[in-house]
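Undergrad: Got a file for you: start.txt, compact mmCIF, C-alpha atoms.
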```txt
# COMPACT_ATOMS: atom_id res chain seq x y z
CA MET A 23 13.33 3.94 23.17
CA ASP A 24 10.51 3.08 20.83
CA SER A 25 12.14 -0.14 19.65
CA GLU A 26 13.09 -1.24 23.18
CA THR A 27 9.63 -0.68 24.68
CA PRO A 28 7.73 -3.96 25.20
CA PRO A 29 4.86 -4.27 22.68
CA GLY A 30 2.29 -4.86 25.43
CA ARG A 31 3.17 -1.74 27.41
CA ASP A 32 0.32 0.73 27.85
CA ARG A 33 2.05 3.95 26.88
CA ALA A 34 -1.01 6.02 27.76
CA VAL A 35 -0.44 5.31 31.46
CA ASP A 36 3.04 6.82 31.22
CA ALA A 37 1.58 9.80 29.35
CA LEU A 38 -0.89 10.42 32.18
CA ARG A 39 1.96 10.41 34.69
CA ALA A 40 3.96 12.83 32.54
CA LEU A 41 0.94 15.14 32.26
CA ALA A 42 0.43 15.00 36.03
CA ILE A 43 4.08 15.90 36.72
CA GLY A 44 3.95 18.66 34.11
CA GLY A 45 0.78 20.08 35.66
CA VAL A 46 2.35 20.22 39.12
CA VAL A 47 5.51 21.91 37.83
CA LEU A 48 3.69 24.52 35.74
CA GLY A 49 1.19 25.09 38.53
CA HIS A 50 3.91 25.86 41.05
CA TRP A 51 5.70 28.14 38.62
CA LEU A 52 2.49 30.06 37.89
CA VAL A 53 0.97 30.41 41.38
CA THR A 54 4.16 30.98 43.39
CA ALA A 55 5.60 34.47 43.62
CA ILE A 56 8.82 35.45 45.39
CA VAL A 57 8.63 39.16 46.20
CA TYR A 58 11.87 41.05 46.83
CA ASP A 59 11.48 44.23 48.87
CA SER A 60 14.12 46.15 50.84
CA GLY A 61 16.48 43.19 51.01
CA THR A 62 13.80 40.77 52.20
CA LEU A 63 12.27 37.87 50.31
CA ARG A 64 8.72 36.71 50.94
CA THR A 65 6.46 34.29 49.13
CA THR A 66 2.90 34.93 48.06
CA SER A 67 0.47 33.81 45.37
CA PRO A 68 -1.26 35.62 42.51
CA LEU A 69 -4.43 33.78 43.57
CA ARG A 70 -4.42 35.96 46.69
CA HIS A 71 -4.52 39.15 44.64
CA LEU A 72 -6.29 37.99 41.46
CA ALA A 73 -9.24 35.79 42.39
CA GLY A 74 -10.18 35.50 38.72
CA LEU A 75 -7.18 33.22 38.21
CA ALA A 76 -8.82 30.42 40.21
CA PRO A 77 -9.65 28.43 37.01
CA ALA A 78 -5.89 28.09 36.41
CA SER A 79 -5.76 25.84 39.47
CA TRP A 80 -8.32 23.55 37.81
CA LEU A 81 -5.84 22.86 35.02
CA PHE A 82 -2.62 22.52 36.99
CA GLN A 83 -3.65 20.80 40.21
CA THR A 84 -3.16 17.30 38.79
CA LEU A 85 -2.15 15.32 41.87
CA ALA A 86 -5.26 13.13 41.65
CA VAL A 87 -4.07 11.83 38.27
CA PHE A 88 -0.64 11.11 39.75
CA PHE A 89 -2.17 9.06 42.57
CA LEU A 90 -4.50 7.31 40.10
CA VAL A 91 -1.56 6.19 37.98
CA GLY A 92 0.46 5.38 41.10
CA GLY A 93 -2.25 3.06 42.39
CA TYR A 94 -2.53 1.43 38.97
CA ALA A 95 1.23 0.88 38.62
CA ALA A 96 1.65 -0.44 42.17
CA ALA A 97 -1.27 -2.87 41.88
CA ARG A 98 -0.05 -4.12 38.49
CA SER A 99 3.48 -4.54 39.83
CA ARG A 100 2.28 -6.49 42.85
CA SER A 101 0.05 -8.65 40.67
CA ALA A 102 2.95 -9.46 38.34
CA LYS A 103 5.17 -10.43 41.27
CA ALA A 104 2.48 -12.65 42.73
CA SER A 105 1.70 -14.43 39.47
CA ALA A 106 5.37 -15.21 38.82
CA THR A 107 5.38 -18.06 41.36
CA SER A 108 3.17 -20.98 42.23
CA SER A 109 0.54 -20.74 44.92
CA SER A 110 2.58 -22.88 47.34
CA ALA A 111 5.66 -20.75 46.75
CA ARG A 112 3.63 -17.60 47.28
CA ALA A 113 2.42 -18.97 50.59
CA ARG A 114 6.01 -19.61 51.74
CA ALA A 115 7.69 -16.52 50.36
CA GLY A 116 4.89 -13.94 50.23
CA ALA A 117 6.22 -11.80 53.07
CA ALA A 118 9.77 -11.81 51.72
CA ALA A 119 8.59 -10.96 48.21
CA TYR A 120 6.50 -8.10 49.57
CA ARG A 121 9.48 -6.69 51.47
CA ARG A 122 11.67 -6.82 48.36
CA TRP A 123 8.96 -5.23 46.24
CA LEU A 124 8.32 -2.49 48.80
CA GLY A 125 11.99 -1.82 49.42
CA ALA A 126 12.67 -1.36 45.72
CA ARG A 127 9.76 1.04 45.22
CA LEU A 128 10.52 3.13 48.32
CA ALA A 129 14.22 3.30 47.49
CA ARG A 130 13.45 4.67 44.05
CA LEU A 131 11.01 7.12 45.60
CA PHE A 132 13.34 8.55 48.26
CA ARG A 133 16.86 8.08 46.84
CA PRO A 134 16.75 11.39 44.90
CA VAL A 135 15.47 13.22 48.00
CA VAL A 136 18.84 12.80 49.71
CA ALA A 137 20.57 15.00 47.13
CA VAL A 138 17.98 17.77 47.53
CA VAL A 139 18.24 17.72 51.32
CA LEU A 140 22.04 17.84 51.28
CA VAL A 141 22.25 20.64 48.72
CA TRP A 142 19.65 22.81 50.43
CA SER A 143 21.08 22.19 53.91
CA ALA A 144 24.41 23.49 52.65
CA ALA A 145 22.73 26.38 50.82
CA ALA A 146 20.77 27.44 53.90
CA VAL A 147 23.91 27.43 56.07
CA ALA A 148 25.80 29.42 53.43
CA MET A 149 23.04 32.02 53.09
CA LEU A 150 22.77 32.50 56.84
CA ALA A 151 26.55 32.77 57.16
CA ALA A 152 26.52 35.43 54.42
CA GLY A 153 24.07 37.52 56.44
CA ALA A 154 20.75 36.64 54.80
CA GLU A 155 17.67 37.13 56.94
CA ALA A 156 16.49 33.95 58.63
CA GLU A 157 12.91 34.59 57.49
CA SER A 158 13.98 34.84 53.84
CA VAL A 159 16.02 31.63 54.06
CA ARG A 160 13.14 29.85 55.77
CA GLY A 161 10.77 30.92 53.01
CA LEU A 162 13.04 29.64 50.24
CA VAL A 163 13.66 26.32 51.98
CA LYS A 164 9.93 25.91 52.54
CA LEU A 165 9.29 26.41 48.82
CA VAL A 166 11.59 23.49 48.06
CA VAL A 167 10.61 21.18 50.90
CA SER A 168 6.86 21.70 51.17
CA PRO A 169 5.99 19.89 47.89
CA MET A 170 7.64 16.78 49.31
CA TRP A 171 4.70 16.15 51.64
CA PHE A 172 3.07 14.09 48.94
CA LEU A 173 6.02 11.65 48.92
CA LEU A 174 5.22 10.64 52.50
CA VAL A 175 1.55 10.11 51.64
CA PHE A 176 2.50 8.18 48.51
CA ALA A 177 4.86 6.00 50.57
CA VAL A 178 2.11 5.20 53.09
CA LEU A 179 -0.29 4.23 50.31
CA THR A 180 2.41 2.14 48.62
CA VAL A 181 2.95 0.22 51.86
CA ALA A 182 -0.80 -0.44 52.03
CA THR A 183 -1.17 -1.47 48.37
CA PRO A 184 -2.14 -5.10 49.12
CA LEU A 185 -4.99 -3.83 51.33
CA VAL A 186 -5.93 -0.99 49.00
CA SER A 187 -6.43 -3.48 46.18
CA ARG A 188 -9.35 -4.92 48.14
CA LEU A 189 -10.79 -1.55 49.19
CA HIS A 190 -13.73 0.06 47.42
CA PRO A 191 -13.02 3.77 46.67
CA LEU A 192 -16.35 4.76 48.24
CA TRP A 193 -14.99 3.99 51.72
CA PRO A 194 -12.24 6.65 51.80
CA LEU A 195 -14.63 9.04 50.03
CA ALA A 196 -17.11 8.53 52.88
CA VAL A 197 -14.33 9.25 55.40
CA VAL A 198 -13.49 12.55 53.67
CA ALA A 199 -17.16 13.57 53.65
CA SER A 200 -17.54 12.69 57.34
CA VAL A 201 -14.46 14.64 58.35
CA ASP A 202 -15.63 17.72 56.44
CA ALA A 203 -19.08 17.40 57.98
CA VAL A 204 -17.53 17.61 61.44
CA ARG A 205 -15.04 20.35 60.52
CA TYR A 206 -17.43 22.67 58.67
CA GLY A 207 -20.96 21.48 59.32
CA LEU A 208 -21.19 21.30 63.11
CA PRO A 209 -20.98 24.83 64.52
CA GLN A 210 -21.66 23.54 68.04
CA LEU A 211 -18.21 21.95 67.86
CA ASP A 212 -16.69 25.29 66.83
CA GLY A 213 -15.64 23.84 63.51
CA GLY A 214 -14.39 20.56 64.93
CA PRO A 215 -10.85 19.79 66.13
CA ALA A 216 -8.16 21.03 63.75
CA TRP A 217 -6.23 17.76 63.87
CA LEU A 218 -9.19 15.90 62.38
CA GLY A 219 -8.48 17.47 59.01
CA TRP A 220 -5.24 15.53 58.74
CA VAL A 221 -7.23 12.33 58.41
CA ASN A 222 -8.10 13.60 54.95
CA VAL A 223 -4.43 13.81 53.98
CA VAL A 224 -4.44 10.02 53.70
CA ALA A 225 -8.14 9.41 53.02
CA GLY A 226 -8.38 12.12 50.36
CA TRP A 227 -5.52 10.77 48.23
CA LEU A 228 -6.53 7.21 48.95
CA VAL A 229 -9.61 7.82 46.78
CA PRO A 230 -7.72 8.20 43.46
CA TYR A 231 -5.08 5.66 44.54
CA SER A 232 -7.74 3.02 45.18
CA LEU A 233 -9.38 3.94 41.87
CA GLY A 234 -6.03 3.17 40.23
CA ALA A 235 -5.88 -0.20 41.95
CA ALA A 236 -9.43 -0.95 40.78
CA TRP A 237 -8.43 0.08 37.26
CA ALA A 238 -5.48 -2.35 37.37
CA GLU A 239 -7.87 -5.16 38.28
CA GLY A 240 -10.14 -4.40 35.33
CA ARG A 241 -12.98 -2.73 37.21
CA LEU A 242 -12.81 0.62 35.36
CA ARG A 243 -12.29 -0.50 31.78
CA SER A 244 -15.51 0.86 30.28
CA ARG A 245 -15.91 4.41 29.01
CA THR A 246 -19.09 4.57 31.10
CA ALA A 247 -16.96 4.52 34.26
CA GLY A 248 -14.92 7.42 32.94
CA TRP A 249 -18.01 9.48 32.14
CA VAL A 250 -19.58 8.74 35.53
CA LEU A 251 -16.43 9.91 37.33
CA LEU A 252 -16.05 12.98 35.12
CA LEU A 253 -19.64 14.17 35.29
CA GLY A 254 -20.27 13.14 38.90
CA GLY A 255 -17.01 14.66 40.15
CA THR A 256 -17.59 17.89 38.21
CA ALA A 257 -21.14 18.25 39.53
CA GLY A 258 -20.02 17.51 43.08
CA ALA A 259 -17.12 19.97 43.04
CA ALA A 260 -19.21 22.71 41.40
CA GLY A 261 -22.04 22.23 43.89
CA LEU A 262 -19.71 22.34 46.89
CA VAL A 263 -18.07 25.55 45.63
CA ALA A 264 -21.35 27.23 44.67
CA TRP A 265 -23.51 26.31 47.65
CA ALA A 266 -21.35 24.90 50.46
CA GLY A 267 -18.78 27.69 50.79
CA TYR A 268 -15.71 25.83 49.55
CA PRO A 269 -13.13 28.03 47.77
CA ALA A 270 -12.96 27.91 43.99
CA ALA A 271 -9.17 27.53 43.91
CA MET A 272 -8.10 23.89 44.10
CA VAL A 273 -4.76 24.84 45.65
CA GLY A 274 -3.90 26.61 48.87
CA VAL A 275 -4.08 30.40 48.85
CA PRO A 276 -2.08 32.33 51.51
CA GLY A 277 -4.40 34.04 53.97
CA ALA A 278 -7.53 32.10 52.92
CA ALA A 279 -9.76 30.76 55.70
CA ILE A 280 -10.14 27.38 53.97
CA SER A 281 -7.64 25.56 51.80
CA ASN A 282 -8.86 22.87 49.43
CA LEU A 283 -5.47 21.20 49.48
CA ASP A 284 -4.03 21.57 52.97
CA PRO A 285 -5.59 19.21 53.98
CA PRO A 286 -7.71 17.94 51.06
CA THR A 287 -11.38 18.82 51.29
CA LEU A 288 -14.40 17.04 49.86
CA ALA A 289 -14.44 19.61 47.04
CA ALA A 290 -10.83 18.78 46.11
CA VAL A 291 -11.56 15.05 46.19
CA ALA A 292 -14.66 15.50 44.03
CA PHE A 293 -12.57 17.53 41.60
CA GLY A 294 -10.00 14.72 41.65
CA LEU A 295 -12.71 12.22 40.70
CA ALA A 296 -13.52 14.37 37.67
CA GLN A 297 -9.83 14.43 36.72
CA CYS A 298 -9.62 10.64 37.06
CA GLY A 299 -12.64 10.27 34.80
CA ALA A 300 -11.08 12.57 32.20
CA ALA A 301 -7.84 10.58 32.41
CA LEU A 302 -9.63 7.31 31.71
CA LEU A 303 -11.45 8.85 28.74
CA LEU A 304 -8.14 10.14 27.32
CA LEU A 305 -6.52 6.70 27.21
CA GLY A 306 -7.63 5.95 23.65
CA PRO A 307 -6.47 9.23 22.08
CA LEU A 308 -3.18 9.07 24.00
CA ARG A 309 -2.47 5.55 22.76
CA ARG A 310 -2.92 6.71 19.18
CA VAL A 311 -0.64 9.72 19.62
CA LEU A 312 2.08 7.70 21.34
CA ARG A 313 2.47 5.35 18.40
CA ARG A 314 4.75 8.09 17.08
CA PRO A 315 8.32 7.43 18.27
CA VAL A 316 9.13 11.10 18.93
CA ALA A 317 6.05 11.61 21.13
CA TRP A 318 6.79 8.41 23.03
CA ALA A 319 10.45 9.35 23.56
CA ALA A 320 9.42 12.63 25.24
CA VAL A 321 6.95 10.86 27.52
CA ALA A 322 9.44 8.11 28.34
CA LEU A 323 12.15 10.59 29.31
CA VAL A 324 9.81 12.47 31.65
CA ASN A 325 8.87 9.17 33.32
CA LEU A 326 12.48 8.03 33.64
CA TYR A 327 13.36 11.22 35.53
CA ALA A 328 10.01 12.21 37.02
CA MET A 329 11.39 12.49 40.56
CA THR A 330 14.30 14.68 39.48
CA ILE A 331 11.92 17.01 37.65
CA PHE A 332 9.55 17.16 40.61
CA LEU A 333 12.20 17.63 43.30
CA TRP A 334 14.23 20.33 41.52
CA HIS A 335 11.62 22.45 39.74
CA GLN A 336 11.27 24.89 42.64
CA THR A 337 15.05 25.16 42.91
CA ALA A 338 15.15 26.05 39.21
CA MET A 339 12.72 28.91 39.79
CA ILE A 340 14.72 30.15 42.78
CA MET A 341 17.93 30.02 40.72
CA VAL A 342 16.42 32.30 38.09
CA MET A 343 15.10 34.65 40.77
CA ALA A 344 18.53 34.83 42.44
CA LEU A 345 20.34 35.50 39.15
CA GLY A 346 17.73 38.14 38.33
CA LEU A 347 18.78 40.09 41.41
CA LEU A 348 22.09 40.79 39.66
CA ALA A 349 20.17 43.19 37.42
CA GLY A 350 20.09 45.61 40.35
CA ARG A 351 16.34 46.16 40.19
CA ARG A 352 13.14 44.21 40.67
CA LEU A 353 12.15 42.38 37.49
CA PRO A 354 8.42 42.15 36.63
CA GLY A 355 7.00 38.68 37.07
CA LEU A 356 10.06 37.59 39.02
CA HIS A 357 10.47 39.85 42.07
CA THR A 358 7.29 41.94 42.02
CA VAL A 359 3.93 41.62 43.77
CA PRO A 360 1.51 39.51 41.64
CA ASP A 361 -1.33 42.01 41.77
CA GLY A 362 -2.24 42.59 38.13
CA PRO A 363 -2.46 41.15 34.62
CA GLY A 364 0.98 42.55 33.83
CA TRP A 365 2.52 40.19 36.36
CA VAL A 366 0.78 37.22 34.74
CA VAL A 367 2.04 38.15 31.27
CA ALA A 368 5.58 38.66 32.60
CA ARG A 369 5.52 35.35 34.49
CA LEU A 370 4.47 33.51 31.33
CA GLY A 371 7.55 34.98 29.68
CA TRP A 372 9.76 33.61 32.46
CA LEU A 373 8.51 30.02 32.10
CA PRO A 374 10.99 29.06 29.34
CA VAL A 375 13.81 30.44 31.49
CA PHE A 376 12.62 28.31 34.42
CA GLY A 377 12.61 25.36 32.04
CA LEU A 378 16.24 25.97 31.04
CA ALA A 379 17.23 26.21 34.71
CA LEU A 380 15.46 22.91 35.34
CA VAL A 381 17.51 21.33 32.55
CA VAL A 382 20.65 22.51 34.37
CA CYS A 383 19.41 20.92 37.60
CA TRP A 384 18.54 17.73 35.73
CA THR A 385 22.02 17.57 34.21
CA ALA A 386 23.59 17.84 37.65
CA PHE A 387 21.32 15.53 39.64
CA HIS A 388 19.50 13.04 37.39
CA ARG A 389 22.10 10.37 38.12
CA TYR A 390 20.80 10.11 41.70
CA GLU A 391 17.44 8.87 40.41
CA ARG A 392 18.81 5.96 38.41
CA ARG A 393 21.06 3.69 40.44
CA PRO A 394 23.56 1.99 38.08
CA ALA A 395 23.79 -1.77 38.08
CA ARG A 396 27.12 -3.27 39.16
CA ILE A 397 29.15 -6.19 37.80
CA ARG A 398 31.52 -7.33 40.52
CA ARG A 399 33.99 -9.25 38.32
CA ALA A 400 35.46 -8.75 34.88
CA PRO A 401 32.52 -9.38 32.56
CA SER A 402 32.61 -12.05 29.92
CA LYS A 403 30.95 -11.69 26.53
CA GLN A 404 27.94 -13.62 27.83
CA ASP A 405 27.77 -11.31 30.88
CA LEU A 406 27.64 -8.27 28.63
CA ILE A 407 24.88 -9.76 26.49
CA SER A 408 22.83 -10.67 29.59
CA TYR A 409 23.50 -7.32 31.23
CA GLU A 410 22.41 -5.41 28.13
CA THR A 411 19.22 -7.45 27.92
CA VAL A 412 18.37 -6.93 31.60
CA SER A 413 19.22 -3.22 31.44
CA ASN A 414 17.00 -2.64 28.44
CA LYS A 415 14.10 -4.45 30.09
CA SER A 416 14.72 -2.57 33.34
CA MET A 417 14.78 0.80 31.57
CA SER A 418 11.56 0.18 29.72
CA GLY A 419 9.91 -1.25 32.81
CA ASN A 420 11.06 1.59 35.07
CA MET A 421 9.38 4.19 32.85
CA GLY A 422 6.10 3.50 34.60
CA SER A 423 7.14 2.15 37.98
```
Translate this structure into structure tokens?
TA:
Amino acid sequence: MDSETPPGRDRAVDALRALAIGGVVLGHWLVTAIVYDSGTLRTTSPLRHLAGLAPASWLFQTLAVFFLVGGYAAARSRSAKASATSSSARARAGAAAYRRWLGARLARLFRPVVAVVLVWSAAAVAMLAAGAEAESVRGLVKLVVSPMWFLLVFAVLTVATPLVSRLHPLWPLAVVASVDAVRYGLPQLDGGPAWLGWVNVVAGWLVPYSLGAAWAEGRLRSRTAGWVLLLGGTAGAAGLVAWAGYPAAMVGVPGAAISNLDPPTLAAVAFGLAQCGAALLLLGPLRRVLRRPVAWAAVALVNLYAMTIFLWHQTAMIMVMALGLLAGRRLPGLHTVPDGPGWVVARLGWLPVFGLALVVCWTAFHRYERRPARIRRAPSKQDLISYETVSNKSMSGNMGS
């Protein structure tokens, strides 16, 4: 992998994506509890019982970094496509090129989803037929499906990439602030209409995505920009939590009156700005570390199969929970209520087991993420040489697409 990676590739960008995916996976494994009681399964969160764990959400809620890198990669990809042809050709074929570019990116985004939907549709039918309670089945399916909301948002932003590249990040930030002002700051409107919050689902994640597009165009190259985002975002998020009543947890907590993530609030967006600033400041150290072939191979593999890891990590946790039921008793950190430090210690012990289960899922389903190229006729020697060259370039290019 190290030898086949183009010399000009910015490996730090791939590292940021790998860190973002890893943060999401570990975050879900740490703040999701499946409680088994009297034959019924229900989901809850340790953040509901242990408010002191809120800082954990600051480390593992890394979606802003994912959208930052996504905006960067999409804008760079579009720019490369546009610069590959003359201006007159771009004028004639711009729409067609955009459709091909968009179709390829969306296909790679949603192709692995089909396998998850088919497997869990069959699993749900089988569980219900075996006599499982509908509420338990619904809870398990929701655990698997609910993280996919971000794919729809990411798809919408990908479609709008040509427009986003010309959008200043302050505009969507102003929209988020305005929506929160109506929802939480105008008591005469009784909190504002509930549907208004869904505007922030797009506007909130558009902030880091547009920052990524600006980064791709060279507008965030200085370390000063990184420090401004880090310090400004940190101060904004801390002030909103301390004095404006926003919750400290940057993820949703069952039963909480306000969720910072569902939909995104101004506090979550400010926190995302801080994460984006930290990501930009980490570029230099990451580039130095990733000169080592072993470190780069690990990052490259995560990027090659990022969607498989994301889509199946909750299934891996559920697999371990289901197998644990064979023990005939509730296992700490796996089936018990997350209401004390003992649960946290036990859950940390289960993380390697979740990781092994995820490897099993990856082995079974990673092929659905990488569509194999086809040669329609018997290949000649020249075909094989050309195919190998294209495949190697495609593999190294796909690591960050």
Undergrad: Between A:Val273, A:Leu179, A:Val91, A:Leu228, single out the one closest to Ala301 of chain A, counting all atoms listed in the file.
TA: A:Val91
Undergrad: Considering all atoms listed in the file, return as number ranges by chain whatever protein or nucleic-acid residues lie within 9 Å of segment 255-272 of chain A, sequence-local ones (same chain, fewer than 3 positions apart) excluded.
TA: A: 69, 73, 75-80, 83, 250-252, 275, 278, 280-283, 287-299
Undergrad: What is the distance, in Å and to one decimal place, between atom CA of Ala96 of chain A and atom CA of Thr385 of chain A?
TA: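 Result for atom CA of Ala96 of chain A versus atom CA of Thr385 of chain A: 28.3 Å, one decimal.
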Undergrad: State, in Å with one decimal place, the distance from atom CA of Val366 of chain A to atom CA of His71 of chain A.
TA: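 Going from atom CA of Val366 of chain A over to atom CA of His71 of chain A, I get 11.4 Å.
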Undergrad: If you count only C-alpha atoms, which residues fall within 8 Å of Ile43 of chain A, apart from same-chain ones fewer than 4 positions away, as a list in words?
TA: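 My list of contacting residues is Arg39, Val47, Thr84, Phe88, Ala328, Ile331 and Phe332 of chain A.
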Undergrad: Find the residues around Gly371 of chain A up to 12 Å (all atoms listed in the file counted), leave out those fewer than 6 positions away in its own chain, and share them as a list in words.
TA: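 Those residues are Trp51, Leu52, Leu353, Pro354, Gly355, Leu356, Gly364, Trp365 and Gly377 of chain A.
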Undergrad: One decimal, Å: what's the distance from atom CA of Tyr390 of chain A over to atom CA of Leu333 of chain A, could you say?
TA: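 Computed distance, atom CA of Tyr390 of chain A to atom CA of Leu333 of chain A, equals 11.5 Å.
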Undergrad: Of the candidates A:Thr330, A:Tyr120, A:Pro363, A:Ala34, which one gets nearest to Ala137 of chain A if we count all atoms listed in the file?
TA: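 Using all atoms listed in the file, the shortest distance to Ala137 of chain A belongs to A:Thr330.
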Undergrad: Using only C-alpha atoms, which of the listed residues (A:Val382, A:Ala55, A:Ala148, A:Leu303) sits closest to Thr246 of chain A?
TA: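 Using only C-alpha atoms, Thr246 of chain A sits closest to A:Leu303.
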Undergrad: Put the listed atoms of segment 284-299 of chain A in a box along x, y and z with 6 Å added on every side and give me the centre and edge lengths in Å to one decimal, as AutoDock Vina command-line options.
TA:
```
--center_x -9.3 --center_y 15.9 --center_z 44.4 --size_x 22.6 --size_y 23.3 --size_z 31.2
```
Undergrad: With distances taken over all atoms listed in the file, which of A:Leu63, A:Val46, A:Leu242, A:Val204 is nearest to Met170 of chain A?
TA: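 Ranked by minimum distance to Met170 of chain A, first place goes to A:Val46.
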Undergrad: In terms of the shortest atom-to-atom distance over all atoms listed in the file, which of A:Pro29, A:Pro68, A:Pro315, A:Gly45 is closest to Gly362 of chain A?
TA: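 Ranking A:Pro29, A:Pro68, A:Pro315, A:Gly45 by distance to Gly362 of chain A, first place goes to A:Pro68.
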Undergrad: Within 10 Å of (-8.1, -0.8, 38.1) (file coordinates; all atoms listed in the file), which protein or nucleic acid residues are there? I'd like them as a PyMOL selection string.
TA: chain A and resi 90-91+93-95+97-98+187+231-243
Undergrad: For Leu165 of chain A, which residue out of A:Trp220, A:Ile56, A:Leu326, A:Trp227 is the nearest one, using all atoms listed in the file?
TA: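 For Leu165 of chain A, the nearest of the candidates is A:Ile56.
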Undergrad: Need the neighbours of (8.0, 33.2, 46.0): which residues are at most 9 Å away, counting all atoms listed in the file, as a list in words?
TA: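 Those residues lying close to the given coordinates are Val53, Thr54, Ala55, Ile56, Val57, Tyr58, Leu63, Arg64, Thr65, Thr66, Ser67, Gly161, Leu162, Leu165, Met339, Ile340, Met343, Leu356 and His357 of chain A.
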